[in-house]
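Dumped upload02.txt below, it's compact mmCIF, C-alpha atoms:
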```
# COMPACT_ATOMS: atom_id res chain seq x y z
CA MET A 8 138.82 64.02 53.15
CA LYS A 9 135.85 61.89 54.20
CA ALA A 10 134.58 64.66 56.46
CA PHE A 11 135.12 67.22 53.72
CA ILE A 12 132.99 65.22 51.27
CA LYS A 13 130.33 64.67 53.94
CA TYR A 14 130.13 68.40 54.67
CA LEU A 15 130.19 69.19 50.96
CA LEU A 16 127.21 66.91 50.36
CA LEU A 17 125.46 68.59 53.29
CA ALA A 18 126.17 71.96 51.69
CA LEU A 19 124.67 70.79 48.38
CA VAL A 20 121.54 69.55 50.17
CA GLY A 21 121.43 72.84 52.11
CA MET A 22 121.57 74.84 48.87
CA SER A 23 118.78 72.75 47.37
CA LEU A 24 116.64 73.28 50.47
CA GLN A 25 117.34 77.01 50.32
CA SER A 26 116.20 77.19 46.72
CA PHE A 27 113.08 75.03 47.10
CA LEU A 28 111.72 75.50 50.60
CA PHE A 29 112.36 79.23 50.88
CA ARG A 30 111.14 81.40 48.01
CA THR A 31 111.57 85.02 49.07
CA VAL A 32 113.79 85.18 52.17
CA LYS A 33 116.26 82.32 52.60
CA PRO A 34 118.45 81.42 55.57
CA ASP A 35 122.15 80.99 54.82
CA LEU A 36 122.64 77.35 55.77
CA ILE A 37 126.03 77.31 54.07
CA ILE A 38 127.54 79.91 56.39
CA ILE A 39 126.39 77.81 59.36
CA LEU A 40 128.07 74.72 57.88
CA VAL A 41 131.25 76.73 57.21
CA CYS A 42 131.28 77.85 60.86
CA PHE A 43 130.77 74.33 62.19
CA TYR A 44 133.36 72.86 59.84
CA THR A 45 135.94 75.48 60.85
CA LEU A 46 135.25 74.94 64.55
CA ARG A 47 135.69 71.21 64.17
CA TYR A 48 138.51 70.89 61.67
CA GLY A 49 140.41 74.13 62.05
CA GLN A 50 141.21 77.16 59.99
CA PHE A 51 143.21 75.67 57.12
CA ARG A 52 140.71 72.96 56.25
CA GLY A 53 137.96 75.53 56.79
CA ILE A 54 139.48 77.75 54.08
CA SER A 55 139.22 75.01 51.44
CA TYR A 56 135.66 74.19 52.50
CA GLY A 57 134.66 77.88 52.45
CA ALA A 58 136.27 78.36 49.05
CA VAL A 59 134.50 75.37 47.46
CA THR A 60 131.05 76.19 48.86
CA GLY A 61 131.53 79.86 47.93
CA LEU A 62 132.48 78.86 44.38
CA ILE A 63 129.33 76.73 44.05
CA LEU A 64 127.14 79.54 45.36
CA ASP A 65 128.72 82.07 43.00
CA SER A 66 128.33 79.82 40.00
CA ALA A 67 124.71 78.99 40.91
CA SER A 68 123.71 82.63 40.42
CA GLY A 69 125.63 82.83 37.12
CA PHE A 70 126.83 86.40 37.66
CA ILE A 71 130.40 86.68 38.92
CA ILE A 72 132.82 84.36 40.73
CA GLY A 73 134.44 85.63 43.91
CA PRO A 74 132.03 87.41 46.31
CA ASN A 75 130.85 84.29 48.09
CA ILE A 76 134.33 82.73 48.09
CA LEU A 77 135.71 85.84 49.81
CA SER A 78 132.82 86.07 52.27
CA LYS A 79 133.02 82.41 53.26
CA ILE A 80 136.81 82.51 53.68
CA SER A 81 136.47 85.69 55.76
CA ALA A 82 133.93 83.84 57.90
CA VAL A 83 136.48 81.04 58.42
CA PHE A 84 139.14 83.50 59.60
CA PHE A 85 136.65 85.31 61.82
CA VAL A 86 135.40 82.09 63.43
CA SER A 87 138.86 80.65 64.05
CA PHE A 88 140.05 83.98 65.47
CA ILE A 89 137.08 84.18 67.86
CA ARG A 90 137.45 80.51 68.80
CA ARG A 91 141.01 81.08 69.99
CA LYS A 92 139.87 83.97 72.19
CA VAL A 93 136.86 82.25 73.78
CA PHE A 94 137.24 79.59 76.43
CA PHE A 95 133.66 78.32 76.61
CA TRP A 96 131.64 77.68 73.46
CA GLY A 97 127.91 77.19 74.08
CA PRO A 98 124.77 77.45 71.95
CA VAL A 99 124.13 81.09 72.88
CA PHE A 100 127.63 82.12 71.91
CA ASN A 101 127.25 80.04 68.77
CA ILE A 102 124.13 81.98 67.77
CA LEU A 103 125.87 85.29 68.40
CA MET A 104 128.80 84.19 66.28
CA VAL A 105 126.55 83.02 63.41
CA LEU A 106 124.68 86.32 63.60
CA ALA A 107 127.95 88.27 63.34
CA VAL A 108 129.28 86.05 60.56
CA SER A 109 126.00 86.37 58.56
CA LEU A 110 126.21 90.15 58.75
CA LEU A 111 129.87 90.03 57.69
CA ASP A 112 128.95 87.71 54.80
CA ILE A 113 126.16 90.02 53.61
CA LEU A 114 128.43 93.05 53.85
CA ILE A 115 131.27 91.47 51.87
CA VAL A 116 129.04 90.04 49.12
CA ARG A 117 127.22 93.35 48.74
CA ILE A 118 130.44 95.36 48.54
CA CYS A 119 131.91 92.96 45.95
CA LEU A 120 128.76 92.92 43.79
CA GLU A 121 128.31 96.68 43.89
CA THR A 122 132.00 97.31 43.18
CA PHE A 123 132.71 94.78 40.45
CA THR A 124 129.36 94.61 38.65
CA VAL A 125 126.69 97.09 37.57
CA ILE A 126 124.33 95.66 40.17
CA SER A 127 122.90 97.99 42.82
CA TYR A 128 121.11 96.95 45.95
CA SER A 129 119.95 100.45 46.92
CA SER A 130 116.30 99.51 46.37
CA ARG A 131 116.57 96.27 48.31
CA VAL A 132 114.20 96.22 51.28
CA PRO A 133 116.21 96.11 54.57
CA ALA A 134 113.62 93.73 56.04
CA ILE A 135 114.96 90.98 53.74
CA THR A 136 118.46 91.26 55.23
CA ILE A 137 117.07 91.34 58.79
CA MET A 138 114.85 88.32 58.12
CA GLN A 139 117.74 86.45 56.51
CA VAL A 140 120.04 87.00 59.49
CA ALA A 141 117.26 86.09 61.94
CA LEU A 142 116.41 82.90 60.02
CA THR A 143 120.09 81.94 59.79
CA SER A 144 120.49 82.40 63.56
CA VAL A 145 117.42 80.26 64.27
CA PHE A 146 118.70 77.52 61.97
CA SER A 147 122.11 77.62 63.66
CA LEU A 148 120.37 76.85 66.95
CA VAL A 149 118.44 73.98 65.36
CA MET A 150 121.60 72.57 63.80
CA TYR A 151 123.78 73.07 66.89
CA PRO A 152 122.98 69.71 68.59
CA PHE A 153 123.89 67.82 65.41
CA PHE A 154 127.18 69.66 64.84
CA ASN A 155 128.14 70.38 68.45
CA THR A 156 131.89 70.78 68.20
CA GLU A 157 132.41 70.59 71.96
CA ARG A 158 131.53 66.90 72.03
CA ASP A 159 134.93 65.70 70.88
CA GLU A 160 137.34 68.19 72.36
CA GLY A 161 140.38 66.82 70.57
CA ASN A 162 139.15 68.15 67.25
CA ILE A 163 138.38 71.76 68.03
CA ALA A 164 140.25 74.46 66.19
CA GLY A 165 143.23 75.89 67.91
CA MET B 5 153.08 84.08 65.25
CA PHE B 6 150.03 82.01 64.24
CA PHE B 7 147.93 85.19 64.05
CA LYS B 8 150.48 86.87 61.78
CA LYS B 9 150.60 83.82 59.53
CA SER B 10 146.79 83.73 59.35
CA LEU B 11 146.63 87.40 58.57
CA PHE B 12 149.18 86.97 55.78
CA ILE B 13 147.22 84.07 54.24
CA PHE B 14 143.99 86.04 54.49
CA ALA B 15 145.60 89.07 52.80
CA VAL B 16 146.94 86.90 49.96
CA ILE B 17 143.57 85.19 49.40
CA THR B 18 141.73 88.53 49.46
CA LEU B 19 144.17 89.98 46.95
CA LEU B 20 143.78 86.98 44.62
CA ILE B 21 139.99 87.19 44.77
CA PHE B 22 140.07 90.93 44.08
CA LEU B 23 142.26 90.24 41.04
CA LEU B 24 139.77 87.60 39.88
CA LEU B 25 136.86 90.00 40.39
CA THR B 26 138.66 92.80 38.54
CA TYR B 27 139.43 90.45 35.64
CA GLN B 28 135.77 89.42 35.41
CA SER B 29 134.51 92.99 35.63
CA ILE B 30 136.71 93.88 32.63
CA LYS B 31 136.38 90.73 30.52
CA GLY B 32 132.88 89.62 31.53
CA ASN B 33 131.99 86.42 33.32
CA TRP B 34 133.20 83.03 32.19
CA HIS B 35 131.25 80.61 30.10
CA LEU B 36 132.33 77.76 32.39
CA LEU B 37 130.74 79.58 35.31
CA GLY B 38 127.85 77.17 35.59
CA ILE B 39 129.87 73.96 35.91
CA PRO B 40 130.56 74.06 39.71
CA SER B 41 126.86 74.57 40.42
CA SER B 42 125.73 71.60 38.30
CA PRO B 43 125.44 69.30 41.35
CA VAL B 44 123.15 71.86 43.03
CA ARG B 45 120.85 71.90 40.03
CA VAL B 46 120.80 68.11 39.80
CA ILE B 47 120.04 67.82 43.54
CA SER B 48 117.50 70.66 43.33
CA HIS B 49 115.72 68.89 40.50
CA GLY B 50 115.78 65.62 42.42
CA SER B 51 114.74 67.18 45.73
CA SER B 52 111.82 69.00 44.11
CA THR B 53 110.59 65.66 42.79
CA VAL B 54 111.01 64.08 46.23
CA ILE B 55 109.25 67.02 47.93
CA ASN B 56 106.35 66.73 45.47
CA LYS B 57 106.08 62.98 46.07
CA VAL B 58 106.14 63.47 49.86
CA THR B 59 103.50 66.21 49.60
CA ASP B 60 101.34 63.96 47.41
CA PHE B 61 101.75 61.15 49.93
CA PHE B 62 100.69 63.31 52.90
CA HIS B 63 97.86 64.77 50.89
CA ALA B 64 96.58 61.28 50.11
CA TYR B 65 97.09 60.22 53.73
CA ILE B 66 95.15 63.19 55.12
CA LEU B 67 92.35 62.46 52.69
CA ILE B 68 91.86 58.90 53.88
CA ILE B 69 92.42 59.41 57.61
CA GLY B 70 89.38 59.66 59.87
CA THR B 71 87.28 56.81 58.53
CA GLY B 72 86.67 53.74 60.68
CA GLU B 73 89.17 50.96 61.36
CA GLU B 74 86.72 48.35 60.00
CA ASN B 75 86.85 50.07 56.62
CA ARG B 76 90.62 49.76 56.31
CA LYS B 77 90.51 47.93 53.01
CA LEU B 78 87.94 50.32 51.70
CA ARG B 79 90.07 53.24 52.79
CA GLU B 80 93.07 51.77 51.03
CA ARG B 81 91.05 51.61 47.87
CA ILE B 82 89.80 55.16 48.42
CA GLY B 83 93.39 56.22 48.98
CA MET B 84 94.41 54.60 45.73
CA TYR B 85 91.54 56.31 43.93
CA GLU B 86 92.44 59.60 45.56
CA GLN B 87 96.02 59.24 44.42
CA GLU B 88 94.79 58.42 40.95
CA LYS B 89 92.44 61.39 41.11
CA ASN B 90 95.33 63.61 42.22
CA ARG B 91 97.34 62.40 39.28
CA TYR B 92 94.42 63.25 36.94
CA ILE B 93 94.03 66.66 38.57
CA GLU B 94 97.76 67.29 38.20
CA THR B 95 97.65 66.22 34.54
CA GLU B 96 94.57 68.34 33.92
CA ASN B 97 96.20 71.35 35.58
CA GLU B 98 99.34 70.81 33.54
CA ASN B 99 97.22 70.57 30.38
CA LYS B 100 95.47 73.81 31.25
CA ARG B 101 98.80 75.55 31.89
CA LEU B 102 100.34 74.24 28.68
CA ARG B 103 97.21 75.16 26.67
CA GLY B 104 97.43 78.63 28.16
CA LEU B 105 101.07 78.84 27.12
CA LEU B 106 100.21 77.71 23.58
CA ASP B 107 97.48 80.34 23.30
CA LEU B 108 99.83 83.06 24.47
CA LYS B 109 100.55 85.21 21.41
CA PRO B 110 101.06 88.81 22.54
CA ALA B 111 101.08 91.49 19.87
CA GLY B 112 104.50 92.83 18.92
CA ALA B 113 106.37 89.77 20.14
CA VAL B 114 107.70 86.61 18.54
CA ARG B 115 107.35 83.36 20.39
CA VAL B 116 110.71 81.63 20.69
CA SER B 117 110.12 78.60 22.87
CA ALA B 118 108.30 77.17 25.87
CA ALA B 119 110.43 76.00 28.77
CA GLU B 120 110.19 74.25 32.11
CA VAL B 121 111.57 75.68 35.36
CA PHE B 122 113.96 73.22 37.01
CA ALA B 123 115.89 75.19 39.63
CA ARG B 124 116.01 78.42 41.62
CA ASP B 125 118.89 80.47 42.95
CA PRO B 126 119.89 79.19 46.42
CA ALA B 127 121.12 82.55 47.77
CA ASN B 128 119.33 85.75 48.71
CA TRP B 129 121.23 88.01 46.35
CA PHE B 130 119.47 87.24 43.11
CA GLN B 131 116.02 86.04 42.22
CA ILE B 132 116.72 83.69 39.37
CA LEU B 133 114.84 80.79 37.81
CA TRP B 134 116.70 78.26 35.70
CA ILE B 135 114.87 76.87 32.66
CA ASN B 136 115.65 73.81 30.58
CA LYS B 137 116.18 75.65 27.27
CA GLY B 138 119.32 77.41 26.10
CA SER B 139 121.19 78.57 23.01
CA ASN B 140 120.35 75.26 21.28
CA ASP B 141 116.71 76.42 21.30
CA ASP B 142 117.55 79.93 20.03
CA ILE B 143 117.27 81.49 23.48
CA LYS B 144 119.27 84.68 23.74
CA ARG B 145 120.03 87.21 26.43
CA ASP B 146 117.35 89.91 27.05
CA MET B 147 114.49 87.78 25.75
CA ILE B 148 111.53 87.81 28.09
CA ALA B 149 109.71 85.08 29.98
CA VAL B 150 105.94 85.19 30.42
CA THR B 151 103.08 82.97 31.53
CA PRO B 152 99.37 83.36 30.74
CA ALA B 153 99.04 85.16 34.11
CA GLY B 154 101.71 87.81 33.44
CA ILE B 155 105.36 88.63 32.92
CA VAL B 156 107.98 86.66 34.85
CA GLY B 157 111.34 88.17 33.96
CA MET B 158 114.13 88.48 31.47
CA ILE B 159 116.80 86.05 30.26
CA HIS B 160 120.12 87.16 31.73
CA ASN B 161 122.36 84.15 31.20
CA VAL B 162 122.32 81.62 28.38
CA TYR B 163 124.14 78.31 28.23
CA VAL B 164 123.77 75.50 25.69
CA ASN B 165 120.89 73.68 27.33
CA ARG B 166 119.72 76.03 30.06
CA SER B 167 119.15 79.69 30.79
CA GLY B 168 118.66 81.90 33.81
CA ILE B 169 115.67 84.22 34.11
CA LEU B 170 116.13 87.33 36.24
CA LEU B 171 112.72 87.74 37.87
CA ILE B 172 110.84 91.04 37.87
CA THR B 173 111.00 90.96 41.68
CA ASP B 174 114.82 91.04 41.67
CA VAL B 175 116.33 94.39 42.68
CA ASN B 176 118.26 94.50 39.39
CA SER B 177 115.12 94.22 37.28
CA SER B 178 113.43 97.26 35.74
CA VAL B 179 110.43 97.16 33.41
CA ALA B 180 108.78 100.10 31.66
CA VAL B 181 105.11 99.91 32.62
CA ARG B 182 101.94 101.97 32.76
CA ILE B 183 98.72 101.97 34.76
CA GLN B 184 96.10 100.49 32.44
CA THR B 185 93.25 102.86 33.35
CA SER B 186 94.98 106.22 33.83
CA ARG B 187 97.82 105.55 31.28
CA VAL B 188 100.40 106.86 33.74
CA ASP B 189 103.92 105.64 32.88
CA GLY B 190 106.48 104.42 35.39
CA ILE B 191 109.29 101.97 36.01
CA LEU B 192 108.56 98.72 37.77
CA GLN B 193 111.50 97.73 39.94
CA GLY B 194 111.95 94.63 42.08
CA ARG B 195 112.34 94.92 45.85
CA GLY B 196 114.13 91.65 46.42
CA GLY B 197 111.10 90.08 48.11
CA GLY B 198 107.87 88.98 46.49
CA SER B 199 106.70 92.38 45.27
CA CYS B 200 107.83 95.40 43.21
CA PHE B 201 107.88 99.21 43.39
CA LEU B 202 106.35 101.40 40.72
CA LYS B 203 108.79 104.30 40.49
CA TYR B 204 108.69 107.81 39.02
CA VAL B 205 104.92 108.30 39.18
CA GLN B 206 104.18 111.92 40.05
CA LYS B 207 102.07 112.82 43.07
CA ASN B 208 99.24 114.31 41.03
CA SER B 209 98.83 111.14 38.91
CA ASP B 210 95.70 109.09 39.43
CA VAL B 211 96.74 105.70 40.83
CA ARG B 212 94.47 103.55 42.93
CA VAL B 213 94.78 100.27 44.78
CA GLY B 214 93.74 97.42 42.50
CA ASP B 215 94.74 99.18 39.26
CA LYS B 216 96.23 96.91 36.62
CA VAL B 217 99.87 97.55 35.69
CA VAL B 218 100.82 96.60 32.12
CA THR B 219 104.04 96.83 30.14
CA SER B 220 104.39 100.01 28.08
CA GLY B 221 106.99 98.70 25.64
CA LEU B 222 109.09 101.84 26.11
CA ASP B 223 112.10 99.89 27.37
CA GLY B 224 112.51 98.16 24.01
CA LEU B 225 112.52 94.75 25.67
CA TYR B 226 109.03 93.90 26.86
CA PRO B 227 106.20 94.00 24.30
CA GLU B 228 103.43 96.47 25.02
CA GLY B 229 100.28 95.46 26.89
CA LEU B 230 101.43 92.45 28.93
CA LEU B 231 100.01 92.28 32.42
CA ALA B 232 102.73 92.89 35.03
CA GLY B 233 100.74 93.15 38.27
CA TYR B 234 98.25 94.97 40.45
CA VAL B 235 98.71 98.03 42.64
CA THR B 236 98.49 96.98 46.28
CA SER B 237 99.37 100.21 48.08
CA VAL B 238 99.81 103.89 47.23
CA ARG B 239 101.57 106.40 49.49
CA SER B 240 102.55 109.99 48.86
CA GLY B 241 104.28 112.13 51.47
CA ASP B 242 104.91 115.87 51.37
CA LYS B 243 108.69 115.50 51.21
CA TYR B 244 108.63 113.15 48.23
CA LEU B 245 108.40 114.14 44.59
CA PHE B 246 106.89 110.85 43.46
CA GLN B 247 104.31 108.47 44.81
CA GLU B 248 105.40 105.32 46.58
CA ILE B 249 103.49 102.53 44.87
CA GLU B 250 103.73 98.85 45.65
CA VAL B 251 102.81 96.33 42.98
CA GLU B 252 102.07 92.64 43.43
CA PRO B 253 103.16 90.64 40.35
CA ALA B 254 100.22 89.17 38.42
CA GLN B 255 102.09 85.88 38.16
CA ASN B 256 102.94 84.53 41.58
CA ILE B 257 106.69 84.21 41.19
CA SER B 258 107.04 81.33 43.64
CA THR B 259 104.66 79.08 41.68
CA VAL B 260 106.06 79.40 38.16
CA GLU B 261 106.50 75.98 36.55
CA GLU B 262 106.52 76.66 32.82
CA VAL B 263 107.21 79.83 30.85
CA VAL B 264 107.08 81.03 27.27
CA ILE B 265 110.11 82.87 25.95
CA LEU B 266 109.36 85.84 23.70
CA ARG B 267 111.42 88.35 21.78
CA ARG B 268 110.40 91.65 20.27
```
Render the structure in this file as structure tokens.
Amino acid sequence: MKAFIKYLLLALVGMSLQSFLFRTVKPDLIIILVCFYTLRYGQFRGISYGAVTGLILDSASGFIIGPNILSKISAVFFVSFIRRKVFFWGPVFNILMVLAVSLLDILIVRICLETFTVISYSSRVPAITIMQVALTSVFSLVMYPFFNTERDEGNIAG
Amino acid sequence: MFFKKSLFIFAVITLLIFLLLTYQSIKGNWHLLGIPSSPVRVISHGSSTVINKVTDFFHAYILIIGTGEENRKLRERIGMYEQEKNRYIETENENKRLRGLLDLKPAGAVRVSAAEVFARDPANWFQILWINKGSNDDIKRDMIAVTPAGIVGMIHNVYVNRSGILLITDVNSSVAVRIQTSRVDGILQGRGGGSCFLKYVQKNSDVRVGDKVVTSGLDGLYPEGLLAGYVTSVRSGDKYLFQEIEVEPAQNISTVEEVVILRR
């Protein structure tokens, strides 16, 4: 519970940084935290963390609740599935995983918004998505030393 | 076995979320929607204050650095004066902005309220500003937000004490506009970044870089004649029916601090 609250506070700070430091293209710091939390505390605790952070993100935009919850929970399942298949987990693999998870997140949110609302992203510039994924990957590398899940091997997901 | 269990849980969660999404798409979103994000707004408000203080501090520090060690006391005093001066400059700038907002009386629009921006959307999907006025101040959906520099966006979500403005740069925003000089009509649509597209302008229309783009009032939402932006690039290819025009908003969207809310 203590770790959950700590990560939740980090997510809130991350969201604030996203909204104030980045004005046009923002990295997805929350998806990085969801990945690290899942790697460290496992799939089932990761689901609750993904659901809560997704709920906050959905409510912050004020449109519809669900797309971010689904995308973050999907990220949890994806990460824990990959973690069970991979023996060695290093920073390079971590970046690749964050990159894949960011793309998955974008895809799920976009499908949900375009299906369940009148919103269309057809005129959205693709460069924004590319920049977002690139920024998220860079931030995952920066954050990796602080959240390195390989340090205490007893706690990795399995 | 574990994989099957995980897959089952994932399927159940996905189904539940799809049911929730379907319910919202039929019934509309919930009024309690904003409650979970309240901590983000509080932290955002706090962090913006902290960021401003830190920036002020570094600004003051940079201003006093470089003078001799023997003038340390003098530099401290200069630093204090500089900080004081910065405060005066800030106050003066705020006064100018507020005076500009007070003078803003566009024809064909009724002024509803002035409001302060206190938060921005943390995700990339929407470009939203949150203001500190809501239904208590007669703010309603589809009212528009402007500054003396130009239009900012439209109210899309109203709560008791706060509202969300969908910015003109958001992909879901469309504004009926025209080129001020040639009177060519078009639709200004957000690109999701910091600029907009001017759509449905025919290839033979006279549009040049630097032209002013103003609201035409044809959408029934924005009053006529408000400055929206400036044309920054014009392209027209043989295979396209319309010109591809990029417009830079007149009001820099990332520096909006106060807005005036208008209704037609």
Pairwise distance for atom CA of A:Pro74 and atom CA of B:Ala15, rounded to one decimal in Å: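 The value is 15.1 Å.
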Between atom CA of B:Val188 and atom CA of B:Asp242, what distance in Å does the model show, to one decimal?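 The value is 20.3 Å.
With all atoms listed in the file as the basis for measurement, B:Asp174 is the residue among B:Asp223, B:Asp174, B:Glu98, B:Glu250 that approaches chain A most closely.
With all atoms listed in the file as the atoms that count, the residue of B:Ser139, B:Val114, B:Leu171, B:Ser258 with the shortest distance to chain A is B:Ser258.
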Near A:Ser87, within 12 Å and counting all atoms listed in the file, which residues show up once chain neighbours fewer than 3 positions away are dropped, as a PyMOL selection string? (chain A and resi 41-54+80-84+90-93+104+108+163-165) or (chain B and resi 6-7+10-11)
Find, counting only C-alpha atoms, the residue in A:Val132, A:Ile39, A:Ala107, A:Ile115 that gets nearest to chain B. A:Val132
With a distance cut-off of 6 Å and all atoms listed in the file, select the neighbouring residues of B:Asn136, excluding the residue or stretch itself and same-chain residues fewer than 4 positions from it, and output the selection as a PyMOL selection string. chain B and resi 119-120+166
Using only C-alpha atoms, which residue out of A:Val86, A:Leu110, A:Phe123, A:Leu40 lies closest to chain B?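 Using only C-alpha atoms, the shortest distance to chain B belongs to A:Phe123.
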Starting from the point (120.3, 94.2, 57.7), work out which residues of protein, DNA or RNA have an atom no more than 12 Å away when counting only C-alpha atoms; state them as an MDAnalysis selection string. chainID A and resid 106:107 109:114 117 131:141
Let's have the selection written as a compact mmCIF listing (two decimals), in the frame of the given file, with C-alpha atoms.
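Contents of selection38.txt, as written:
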```
# COMPACT_ATOMS: atom_id res chain seq x y z
CA LEU A 106 124.68 86.32 63.60
CA ALA A 107 127.95 88.27 63.34
CA SER A 109 126.00 86.37 58.56
CA LEU A 110 126.21 90.15 58.75
CA LEU A 111 129.87 90.03 57.69
CA ASP A 112 128.95 87.71 54.80
CA ILE A 113 126.16 90.02 53.61
CA LEU A 114 128.43 93.05 53.85
CA ARG A 117 127.22 93.35 48.74
CA ARG A 131 116.57 96.27 48.31
CA VAL A 132 114.20 96.22 51.28
CA PRO A 133 116.21 96.11 54.57
CA ALA A 134 113.62 93.73 56.04
CA ILE A 135 114.96 90.98 53.74
CA THR A 136 118.46 91.26 55.23
CA ILE A 137 117.07 91.34 58.79
CA MET A 138 114.85 88.32 58.12
CA GLN A 139 117.74 86.45 56.51
CA VAL A 140 120.04 87.00 59.49
CA ALA A 141 117.26 86.09 61.94
```
Report as a JSON list (two decimals) with C-alpha atoms, in the frame of the given file all protein, DNA and RNA residues lying within 8 Å of B:Trp134, evaluated on all atoms listed in the file, omitting residues in the same chain fewer than 6 positions from it.
```json
[["chain", "number", "residue", "atom", "x", "y", "z"],
["B", 121, "VAL", "CA", 111.57, 75.68, 35.36],
["B", 122, "PHE", "CA", 113.96, 73.22, 37.01],
["B", 123, "ALA", "CA", 115.89, 75.19, 39.63],
["B", 124, "ARG", "CA", 116.01, 78.42, 41.62],
["B", 125, "ASP", "CA", 118.89, 80.47, 42.95],
["B", 166, "ARG", "CA", 119.72, 76.03, 30.06],
["B", 167, "SER", "CA", 119.15, 79.69, 30.79],
["B", 168, "GLY", "CA", 118.66, 81.90, 33.81],
["B", 169, "ILE", "CA", 115.67, 84.22, 34.11]]
```
Name the closest residue to B:Thr219 among the candidates B:Arg91, B:Arg182, B:Lys8, B:Arg268; distances are taken between atoms, counting all atoms listed in the file. B:Arg182
Please tabulate, as a Markdown table, the residues of stretch 107-150 of chain A that come within 10 Å of stretch 23-33 of chain B, each with its closest pair of atoms and the distance in Å to one decimal, counting only C-alpha atoms and ordering rows by chain, then residue number upward.
```
| residue | atom | partner | partner_atom | distance |
| --- | --- | --- | --- | --- |
| A:Cys119 | CA | B:Leu25 | CA | 8.0 |
| A:Leu120 | CA | B:Leu25 | CA | 9.3 |
| A:Thr122 | CA | B:Ser29 | CA | 9.1 |
| A:Phe123 | CA | B:Ser29 | CA | 5.4 |
| A:Thr124 | CA | B:Ser29 | CA | 6.2 |
| A:Val125 | CA | B:Ser29 | CA | 9.0 |
```
A:Pro152 environment, 12 Å, all atoms listed in the file, sequence neighbours closer than 6 positions dropped, as number ranges by chain: A: 43, 97-98, 101, 146, 158
